[in-house]
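Everything below belongs to query_2.txt, which stores compact mmCIF, C-alpha atoms (C1' of nucleotides).
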```txt
# COMPACT_ATOMS: atom_id res chain seq x y z
CA MET A 4 114.91 91.07 42.90
CA VAL A 5 115.64 87.48 42.08
CA GLU A 6 117.31 87.07 45.45
CA HIS A 7 114.27 88.66 47.03
CA THR A 8 111.99 86.14 45.39
CA GLN A 9 114.33 83.35 46.39
CA SER A 10 114.49 84.37 50.03
CA ARG A 11 110.71 84.62 50.05
CA LEU A 12 110.51 81.08 48.75
CA ASP A 13 112.88 80.11 51.55
CA VAL A 14 110.65 81.44 54.29
CA VAL A 15 107.47 80.22 52.62
CA PHE A 16 108.64 76.64 52.24
CA ARG A 17 110.11 76.85 55.72
CA ALA A 18 106.76 77.99 57.10
CA LEU A 19 105.03 75.13 55.32
CA SER A 20 107.40 72.53 56.74
CA ASP A 21 105.60 72.40 60.07
CA GLN A 22 102.40 70.45 60.66
CA THR A 23 101.09 72.94 63.23
CA ARG A 24 101.41 75.80 60.74
CA ARG A 25 99.88 73.80 57.89
CA SER A 26 96.98 72.98 60.17
CA MET A 27 96.54 76.66 60.96
CA LEU A 28 96.53 77.51 57.27
CA ALA A 29 93.93 74.83 56.64
CA ARG A 30 91.61 76.42 59.17
CA LEU A 31 92.32 79.91 57.88
CA ALA A 32 91.36 78.72 54.42
CA LYS A 33 87.82 78.38 55.75
CA GLY A 34 87.74 81.88 57.15
CA GLU A 35 89.07 84.40 59.59
CA GLN A 36 90.25 83.12 62.96
CA THR A 37 91.51 84.82 66.08
CA VAL A 38 94.90 83.97 67.54
CA GLY A 39 93.15 82.13 70.35
CA GLU A 40 91.01 80.11 67.99
CA LEU A 41 94.02 79.19 65.91
CA ALA A 42 95.91 78.15 69.01
CA ALA A 43 93.14 76.19 70.73
CA PRO A 44 93.42 72.82 68.91
CA HIS A 45 97.14 72.56 69.54
CA LYS A 46 98.75 71.01 72.58
CA MET A 47 101.09 73.89 73.27
CA SER A 48 101.12 77.18 75.09
CA LEU A 49 99.45 80.20 73.56
CA ALA A 50 102.86 81.82 73.31
CA ALA A 51 104.15 78.93 71.19
CA ALA A 52 101.13 79.08 68.89
CA SER A 53 101.56 82.84 68.67
CA LYS A 54 105.11 82.28 67.45
CA HIS A 55 103.85 79.96 64.73
CA ILE A 56 101.39 82.60 63.61
CA GLN A 57 104.22 85.14 63.50
CA THR A 58 106.21 82.73 61.35
CA LEU A 59 103.27 82.51 58.96
CA GLU A 60 103.01 86.29 59.00
CA ARG A 61 106.70 86.76 58.21
CA ALA A 62 106.28 84.38 55.28
CA GLY A 63 103.44 86.61 54.08
CA LEU A 64 100.94 83.79 54.41
CA VAL A 65 98.85 85.41 57.13
CA ARG A 66 97.59 88.95 57.67
CA ARG A 67 96.36 90.27 60.95
CA THR A 68 93.82 92.88 61.93
CA VAL A 69 93.63 94.03 65.52
CA ARG A 70 90.21 95.08 66.82
CA GLY A 71 90.32 95.83 70.52
CA ARG A 72 92.18 93.05 72.25
CA ILE A 73 91.29 90.50 69.57
CA HIS A 74 93.70 89.76 66.74
CA TYR A 75 91.90 88.49 63.65
CA CYS A 76 93.98 86.46 61.21
CA ARG A 77 93.27 85.72 57.59
CA ILE A 78 95.17 83.82 54.97
CA ASP A 79 97.01 85.53 52.15
CA PRO A 80 97.31 82.86 49.47
CA ARG A 81 99.72 84.70 47.17
CA PRO A 82 102.91 83.16 48.57
CA LEU A 83 101.26 79.77 48.16
CA ALA A 84 100.74 80.61 44.51
CA ARG A 85 104.40 81.51 44.15
CA ALA A 86 105.44 78.26 45.80
CA ASP A 87 103.11 76.42 43.47
CA ASP A 88 104.59 78.24 40.48
CA TRP A 89 107.98 76.97 41.52
CA LEU A 90 106.76 73.39 41.95
CA ARG A 91 105.01 73.42 38.60
CA GLY A 92 108.35 74.03 36.99
CA TYR A 93 108.87 70.34 37.69
CA GLU A 94 105.42 69.21 36.65
CA ARG A 95 106.56 67.63 33.40
CA LEU A 96 108.70 65.27 35.48
CA TRP A 97 105.79 63.68 37.23
CA ASP A 98 102.64 64.34 35.34
CA THR A 99 101.32 64.54 31.84
CA ARG A 100 97.97 65.96 32.90
CA ILE A 101 98.57 69.25 31.10
CA GLU A 102 99.66 67.53 27.93
CA ARG A 103 96.67 65.18 28.12
CA LEU A 104 94.34 68.13 28.67
CA ALA A 105 95.81 69.95 25.70
CA GLU A 106 95.39 66.79 23.65
CA LEU A 107 91.79 66.49 24.85
CA LEU A 108 91.06 70.06 23.83
CA ARG A 109 92.52 69.39 20.39
CA HIS A 110 90.84 66.02 19.91
CA PRO A 111 87.93 65.69 22.34
CA GLU A 112 86.79 62.46 20.69
CA ASN A 113 90.02 60.86 21.84
CA ASN A 114 89.31 61.12 25.57
CA PRO A 115 91.66 58.85 27.54
CA SER A 116 89.81 59.26 30.84
CA ASP A 117 88.06 55.86 30.53
CA SER A 118 91.28 53.92 30.25
CA GLU A 119 91.85 54.11 34.01
CA MET B 30 99.62 56.53 57.60
CA VAL B 31 98.28 60.03 57.72
CA GLU B 32 101.07 61.01 60.07
CA HIS B 33 103.51 59.37 57.72
CA THR B 34 102.27 61.49 54.85
CA GLN B 35 102.41 64.55 57.07
CA SER B 36 105.95 63.94 58.24
CA ARG B 37 106.98 63.38 54.62
CA LEU B 38 105.49 66.76 53.75
CA ASP B 39 107.48 68.19 56.65
CA VAL B 40 110.81 66.96 55.34
CA VAL B 41 109.95 67.75 51.73
CA PHE B 42 108.98 71.36 52.40
CA ARG B 43 111.96 71.64 54.73
CA ALA B 44 114.27 70.38 51.99
CA LEU B 45 112.79 72.89 49.56
CA SER B 46 113.32 75.81 51.94
CA ASP B 47 117.00 76.12 51.05
CA GLN B 48 118.26 77.86 47.92
CA THR B 49 121.27 75.54 47.59
CA ARG B 50 119.03 72.48 47.55
CA ARG B 51 116.52 74.04 45.15
CA SER B 52 119.42 74.87 42.84
CA MET B 53 120.58 71.25 43.00
CA LEU B 54 117.10 70.03 42.15
CA ALA B 55 116.98 72.41 39.21
CA ARG B 56 120.15 70.91 37.79
CA LEU B 57 118.99 67.38 38.50
CA ALA B 58 115.81 68.11 36.57
CA LYS B 59 118.02 68.31 33.48
CA GLY B 60 119.65 64.97 34.12
CA GLU B 61 121.85 62.83 36.30
CA GLN B 62 124.69 64.53 38.18
CA THR B 63 127.48 63.24 40.36
CA VAL B 64 127.93 64.50 43.89
CA GLY B 65 130.96 66.47 42.76
CA GLU B 66 129.09 68.06 39.86
CA LEU B 67 126.22 69.00 42.15
CA ALA B 68 128.60 70.51 44.65
CA ALA B 69 130.83 72.41 42.20
CA PRO B 70 128.75 75.59 41.65
CA HIS B 71 128.34 76.22 45.36
CA LYS B 72 130.71 78.19 47.52
CA MET B 73 131.00 75.63 50.27
CA SER B 74 132.97 72.54 51.09
CA LEU B 75 132.17 69.25 49.40
CA ALA B 76 131.17 67.90 52.78
CA ALA B 77 128.58 70.65 53.19
CA ALA B 78 127.17 70.02 49.71
CA SER B 79 127.13 66.31 50.45
CA LYS B 80 124.99 67.02 53.49
CA HIS B 81 122.52 68.96 51.34
CA ILE B 82 122.30 66.01 48.97
CA GLN B 83 121.64 63.73 51.91
CA THR B 84 118.86 66.07 53.03
CA LEU B 85 117.32 65.80 49.59
CA GLU B 86 117.71 62.01 49.74
CA ARG B 87 116.01 61.78 53.13
CA ALA B 88 113.15 63.81 51.71
CA GLY B 89 112.89 61.25 48.91
CA LEU B 90 113.66 63.88 46.30
CA VAL B 91 116.95 62.38 45.15
CA ARG B 92 118.07 58.82 44.46
CA ARG B 93 121.65 57.74 44.27
CA THR B 94 123.44 55.03 42.33
CA VAL B 95 127.02 54.22 43.19
CA ARG B 96 129.24 53.04 40.36
CA GLY B 97 132.81 52.66 41.50
CA ARG B 98 133.81 55.71 43.45
CA ILE B 99 131.31 57.93 41.64
CA HIS B 100 127.88 58.56 43.12
CA TYR B 101 125.29 59.41 40.48
CA CYS B 102 122.26 61.35 41.65
CA ARG B 103 118.91 61.67 39.95
CA ILE B 104 115.74 63.44 40.90
CA ASP B 105 112.66 61.61 42.12
CA PRO B 106 109.79 64.01 41.44
CA ARG B 107 107.11 62.14 43.36
CA PRO B 108 107.49 64.06 46.62
CA LEU B 109 107.27 67.25 44.60
CA ALA B 110 103.97 66.00 43.23
CA ARG B 111 102.72 65.37 46.76
CA ALA B 112 103.78 68.84 47.83
CA ASP B 113 102.02 70.25 44.81
CA ASP B 114 98.88 68.25 45.66
CA TRP B 115 98.90 69.88 49.06
CA LEU B 116 99.36 73.37 47.64
CA ARG B 117 96.61 72.86 45.08
CA GLY B 118 94.21 72.34 47.95
CA TYR B 119 94.45 76.12 48.26
CA GLU B 120 94.28 76.86 44.58
CA ARG B 121 90.73 78.19 44.71
CA LEU B 122 91.96 80.90 47.06
CA TRP B 123 94.27 82.46 44.52
CA ASP B 124 93.16 81.30 41.17
CA THR B 125 89.95 80.52 39.38
CA ARG B 126 91.62 79.03 36.34
CA ILE B 127 90.40 75.52 37.07
CA GLU B 128 86.84 76.62 37.81
CA ARG B 129 86.78 78.77 34.69
CA LEU B 130 88.13 75.91 32.62
CA ALA B 131 85.55 73.51 34.04
CA GLU B 132 82.84 76.05 33.34
CA LEU B 133 84.16 76.52 29.84
CA LEU B 134 84.07 72.78 29.24
CA ARG B 135 80.49 72.59 30.48
CA HIS B 136 79.24 75.72 28.68
CA PRO B 137 81.70 76.68 25.95
CA GLU B 138 79.32 79.33 24.65
CA ASN B 139 79.56 81.14 27.97
CA ASN B 140 83.23 82.00 27.80
CA PRO B 141 84.05 84.61 30.48
CA SER B 142 87.53 85.32 29.20
CA ASP B 143 86.45 88.64 27.59
CA SER B 144 84.96 90.12 30.75
CA GLU B 145 88.37 90.96 32.19
C1' DC C 7 152.98 49.18 44.18
C1' DA C 8 152.14 54.28 45.24
C1' DT C 9 149.30 58.07 44.47
C1' DA C 10 145.38 60.74 43.19
C1' DT C 11 140.32 61.10 43.07
C1' DT C 12 135.64 60.83 44.89
C1' DT C 13 133.04 60.69 48.59
C1' DA C 14 131.52 59.83 53.43
C1' DC C 15 131.86 60.44 58.30
C1' DA C 16 132.83 62.40 62.86
C1' DA C 17 133.65 66.17 65.73
C1' DC C 18 132.95 70.63 66.33
C1' DC C 19 130.72 75.40 66.18
C1' DA C 20 127.36 79.29 65.70
C1' DA C 21 122.86 80.33 64.69
C1' DA C 22 118.06 79.19 64.21
C1' DT C 23 113.96 76.53 65.77
C1' DG C 24 110.26 75.11 68.71
C1' DG C 25 109.00 74.78 72.99
C1' DT C 26 108.53 76.52 78.02
C1' DT C 27 107.38 79.98 81.87
C1' DG C 28 106.62 84.49 83.85
C1' DA C 29 105.83 89.28 83.44
C1' DC C 30 103.56 92.74 80.96
C1' DT C 31 100.03 95.61 77.99
C1' DA C 32 95.66 96.50 76.43
C1' DT C 33 90.94 95.81 76.41
C1' DT C 34 86.53 94.30 78.10
C1' DA C 35 83.30 93.04 81.80
C1' DA C 36 81.50 93.03 86.70
C1' DT D 22 87.61 100.19 90.27
C1' DT D 23 88.65 95.59 90.13
C1' DA D 24 89.09 91.44 87.77
C1' DA D 25 89.16 88.61 83.74
C1' DT D 26 90.54 88.03 78.87
C1' DA D 27 93.57 88.19 74.61
C1' DG D 28 97.73 88.46 73.27
C1' DT D 29 102.83 89.80 73.14
C1' DC D 30 107.46 89.76 74.72
C1' DA D 31 111.72 88.32 76.97
C1' DA D 32 114.51 84.91 78.90
C1' DC D 33 115.64 80.46 78.85
C1' DC D 34 116.41 75.56 77.19
C1' DA D 35 117.14 71.44 74.14
C1' DT D 36 117.47 70.17 69.50
C1' DT D 37 118.34 70.90 64.70
C1' DT D 38 120.63 73.18 60.98
C1' DG D 39 124.28 74.59 57.99
C1' DG D 40 128.70 75.26 57.87
C1' DT D 41 133.77 74.03 58.94
C1' DT D 42 138.02 70.86 59.23
C1' DG D 43 140.35 66.49 59.50
C1' DT D 44 140.36 61.62 58.77
C1' DA D 45 139.24 57.53 56.43
C1' DA D 46 137.41 54.35 52.79
C1' DA D 47 136.97 52.91 48.24
C1' DT D 48 138.29 53.18 43.66
C1' DA D 49 141.08 54.56 39.73
C1' DT D 50 145.51 55.69 37.60
C1' DG D 51 150.76 56.13 37.12
```
Show me the file's structure as structure tokens.
Amino acid sequence: MVEHTQSRLDVVFRALSDQTRRSMLARLAKGEQTVGELAAPHKMSLAAASKHIQTLERAGLVRRTVRGRIHYCRIDPRPLARADDWLRGYERLWDTRIERLAELLRHPENNPSDSE
Amino acid sequence: MVEHTQSRLDVVFRALSDQTRRSMLARLAKGEQTVGELAAPHKMSLAAASKHIQTLERAGLVRRTVRGRIHYCRIDPRPLARADDWLRGYERLWDTRIERLAELLRHPENNPSDSE
DNA sequence: CATATTTACAACCAAATGGTTGACTATTAA
DNA sequence: TTAATAGTCAACCATTTGGTTGTAAATATG
């Protein structure tokens, strides 16, 4: 099960390592898009864009519904959440936001947000 | 500059897409490690592990200090923070924690945490 | 000095990646 | 029925990746 999770992280991070695919996700975040619509902005063949979409699908980041000859794609954000969970394991190394927020909740009068 | 940021995200996510490299980062999060120490737990040649460390270095995730013949490696978490920034752009899609917290801070009397 | 240790580097290899084109299927429209 | 549209699939290609081994450099130790 751990290995399963790990291999999922592999394919998710791998999927995110390409600008074309991140751009597709960004547009999917605003709503459903067809394969053609997803492909249109990119300077590559439809077949190449289709492969990118399949990569996103295999990573679990995109779901597809076929209606007639049109393939509608929508984002599934759950793998993004898992990737974020992993990254947040390192949060203490770069950021004290959480600690500052906790401090703020304990002592709201001592709000450090003006000091920068 | 935008492209620069984007290509950095490329190499960072790419670096994170490998279990060996994520494992190395996990150990580096606990403190400095030499190349040999980083390589030891992995069933591969030192040369292969060295390549993984170089991948992490090129992604900006690891810095190296050479003292004598020993190379000390430490984590640089800033690219992780950038990756996390990117992922959080999608946070609203999977999680309403932030919105609920903001709402709570605005209207503490209207705490929705009971309703589910 | 000679030798062992730590690491990098180069050459090589198999597999995966990201792109192409061309042929094909399925569906819709004329 | 014929033609256009939406998309996949297979074959191919160049490049990158992740591993190997062997060699070499720099440093430490006997």
May I have the residues within 12 Å of region 21-28 of chain C as a PDB file with C-alpha atoms (C1' of nucleotides), in the frame of the given file, using only C-alpha atoms (C1' of nucleotides) and disregarding those fewer than 2 positions away in the same chain?
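Saved to around02.pdb:
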```pdb
ATOM      1  CA  ARG A  17     110.110  76.850  55.720  1.00  0.00           C
ATOM      2  CA  ALA A  18     106.760  77.990  57.100  1.00  0.00           C
ATOM      3  CA  SER A  20     107.400  72.530  56.740  1.00  0.00           C
ATOM      4  CA  ASP A  21     105.600  72.400  60.070  1.00  0.00           C
ATOM      5  CA  THR A  23     101.090  72.940  63.230  1.00  0.00           C
ATOM      6  CA  ARG A  24     101.410  75.800  60.740  1.00  0.00           C
ATOM      7  CA  LYS A  46      98.750  71.010  72.580  1.00  0.00           C
ATOM      8  CA  MET A  47     101.090  73.890  73.270  1.00  0.00           C
ATOM      9  CA  SER A  48     101.120  77.180  75.090  1.00  0.00           C
ATOM     10  CA  LEU A  49      99.450  80.200  73.560  1.00  0.00           C
ATOM     11  CA  ALA A  50     102.860  81.820  73.310  1.00  0.00           C
ATOM     12  CA  ALA A  51     104.150  78.930  71.190  1.00  0.00           C
ATOM     13  CA  ALA A  52     101.130  79.080  68.890  1.00  0.00           C
ATOM     14  CA  SER A  53     101.560  82.840  68.670  1.00  0.00           C
ATOM     15  CA  LYS A  54     105.110  82.280  67.450  1.00  0.00           C
ATOM     16  CA  HIS A  55     103.850  79.960  64.730  1.00  0.00           C
ATOM     17  CA  THR A  58     106.210  82.730  61.350  1.00  0.00           C
TER      18      THR A  58
ATOM     19  C1'  DC C  19     130.720  75.400  66.180  1.00  0.00           C
ATOM     20  C1'  DC C  30     103.560  92.740  80.960  1.00  0.00           C
TER      21       DC C  30
ATOM     22  C1'  DC D  30     107.460  89.760  74.720  1.00  0.00           C
ATOM     23  C1'  DA D  31     111.720  88.320  76.970  1.00  0.00           C
ATOM     24  C1'  DA D  32     114.510  84.910  78.900  1.00  0.00           C
ATOM     25  C1'  DC D  33     115.640  80.460  78.850  1.00  0.00           C
ATOM     26  C1'  DC D  34     116.410  75.560  77.190  1.00  0.00           C
ATOM     27  C1'  DA D  35     117.140  71.440  74.140  1.00  0.00           C
ATOM     28  C1'  DT D  36     117.470  70.170  69.500  1.00  0.00           C
ATOM     29  C1'  DT D  37     118.340  70.900  64.700  1.00  0.00           C
ATOM     30  C1'  DT D  38     120.630  73.180  60.980  1.00  0.00           C
ATOM     31  C1'  DG D  39     124.280  74.590  57.990  1.00  0.00           C
ATOM     32  C1'  DG D  40     128.700  75.260  57.870  1.00  0.00           C
TER      33       DG D  40
END
```
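The residue that comes closest to chain B, out of D:DT50, D:DT41, D:DT29, D:DT23 and on the basis of only C-alpha atoms (C1' of nucleotides), is D:DT41.
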Point to revise | Among the residues B:Leu45, B:Met53, B:Leu90, B:Ile82, the one that comes closest to chain C [using all atoms listed in the file] | key: B:Ile82
Test item: axis-aligned box, all listed atoms of region 30-37 of chain D, 4 Å on each side, centre and edges in Å rounded to one decimal, as JSON:
```
{"center_x": 112.9, "center_y": 80.0, "center_z": 71.8, "size_x": 18.9, "size_y": 27.6, "size_z": 22.2}
```
Exercise for review: Would you mind telling me which residue in B:Arg107, B:Gln83, B:Arg98, B:Val64 lies nearest to chain D when using only C-alpha atoms (C1' of nucleotides)?
Suggested key: B:Arg98
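Near chain B, counting all atoms listed in the file at 7 Å, the chain A residues are Gln9, Leu12, Asp13, Val14, Phe16, Arg17, Leu19, Ser20, Asp21, Gln22, Pro80, Arg81, Leu83, Ala84, Asp87, Leu90, Leu96 and Trp97 of chain A.
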12 Å contacts from chain C to chain B using all atoms listed in the file, as a PDB file with C-alpha atoms (C1' of nucleotides), in the frame of the given file:
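This went into part_39.pdb:
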```
ATOM      1  C1'  DT C  11     140.320  61.100  43.070  1.00  0.00           C
ATOM      2  C1'  DT C  12     135.640  60.830  44.890  1.00  0.00           C
ATOM      3  C1'  DT C  13     133.040  60.690  48.590  1.00  0.00           C
ATOM      4  C1'  DA C  14     131.520  59.830  53.430  1.00  0.00           C
ATOM      5  C1'  DC C  15     131.860  60.440  58.300  1.00  0.00           C
ATOM      6  C1'  DA C  16     132.830  62.400  62.860  1.00  0.00           C
TER       7       DA C  16
END
```
Any chance you could tabulate, as JSON lines, the residues of chain D at most 9 Å from chain A with each one's nearest atom pair and distance in Å to one decimal, using all atoms listed in the file, in chain and rising number order?
```
{"residue": "D:DT26", "atom": "C1'", "partner": "A:Arg72", "partner_atom": "CA", "distance": 8.5}
{"residue": "D:DA27", "atom": "C1'", "partner": "A:Arg72", "partner_atom": "CA", "distance": 5.6}
{"residue": "D:DG28", "atom": "C1'", "partner": "A:Arg72", "partner_atom": "CA", "distance": 7.3}
{"residue": "D:DT29", "atom": "C1'", "partner": "A:Ala50", "partner_atom": "CA", "distance": 8.0}
```
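Excluding DA10 (chain C) itself and any same-chain residue fewer than 3 positions from it, the protein and nucleic acid residues within 12 Å of it, counting only C-alpha atoms (C1' of nucleotides), are DT48, DA49, DT50 and DG51 of chain D.
If you look at CA of Glu66 (chain B) and CA of Arg103 (chain B), they are 12.0 Å away from each other.
Here CA of Gln36 (chain A) is placed at a distance of 13.6 Å from CA of Leu59 (chain A).
Separating CA of Lys59 (chain B) from CA of Tyr101 (chain B) is a distance of 13.5 Å.
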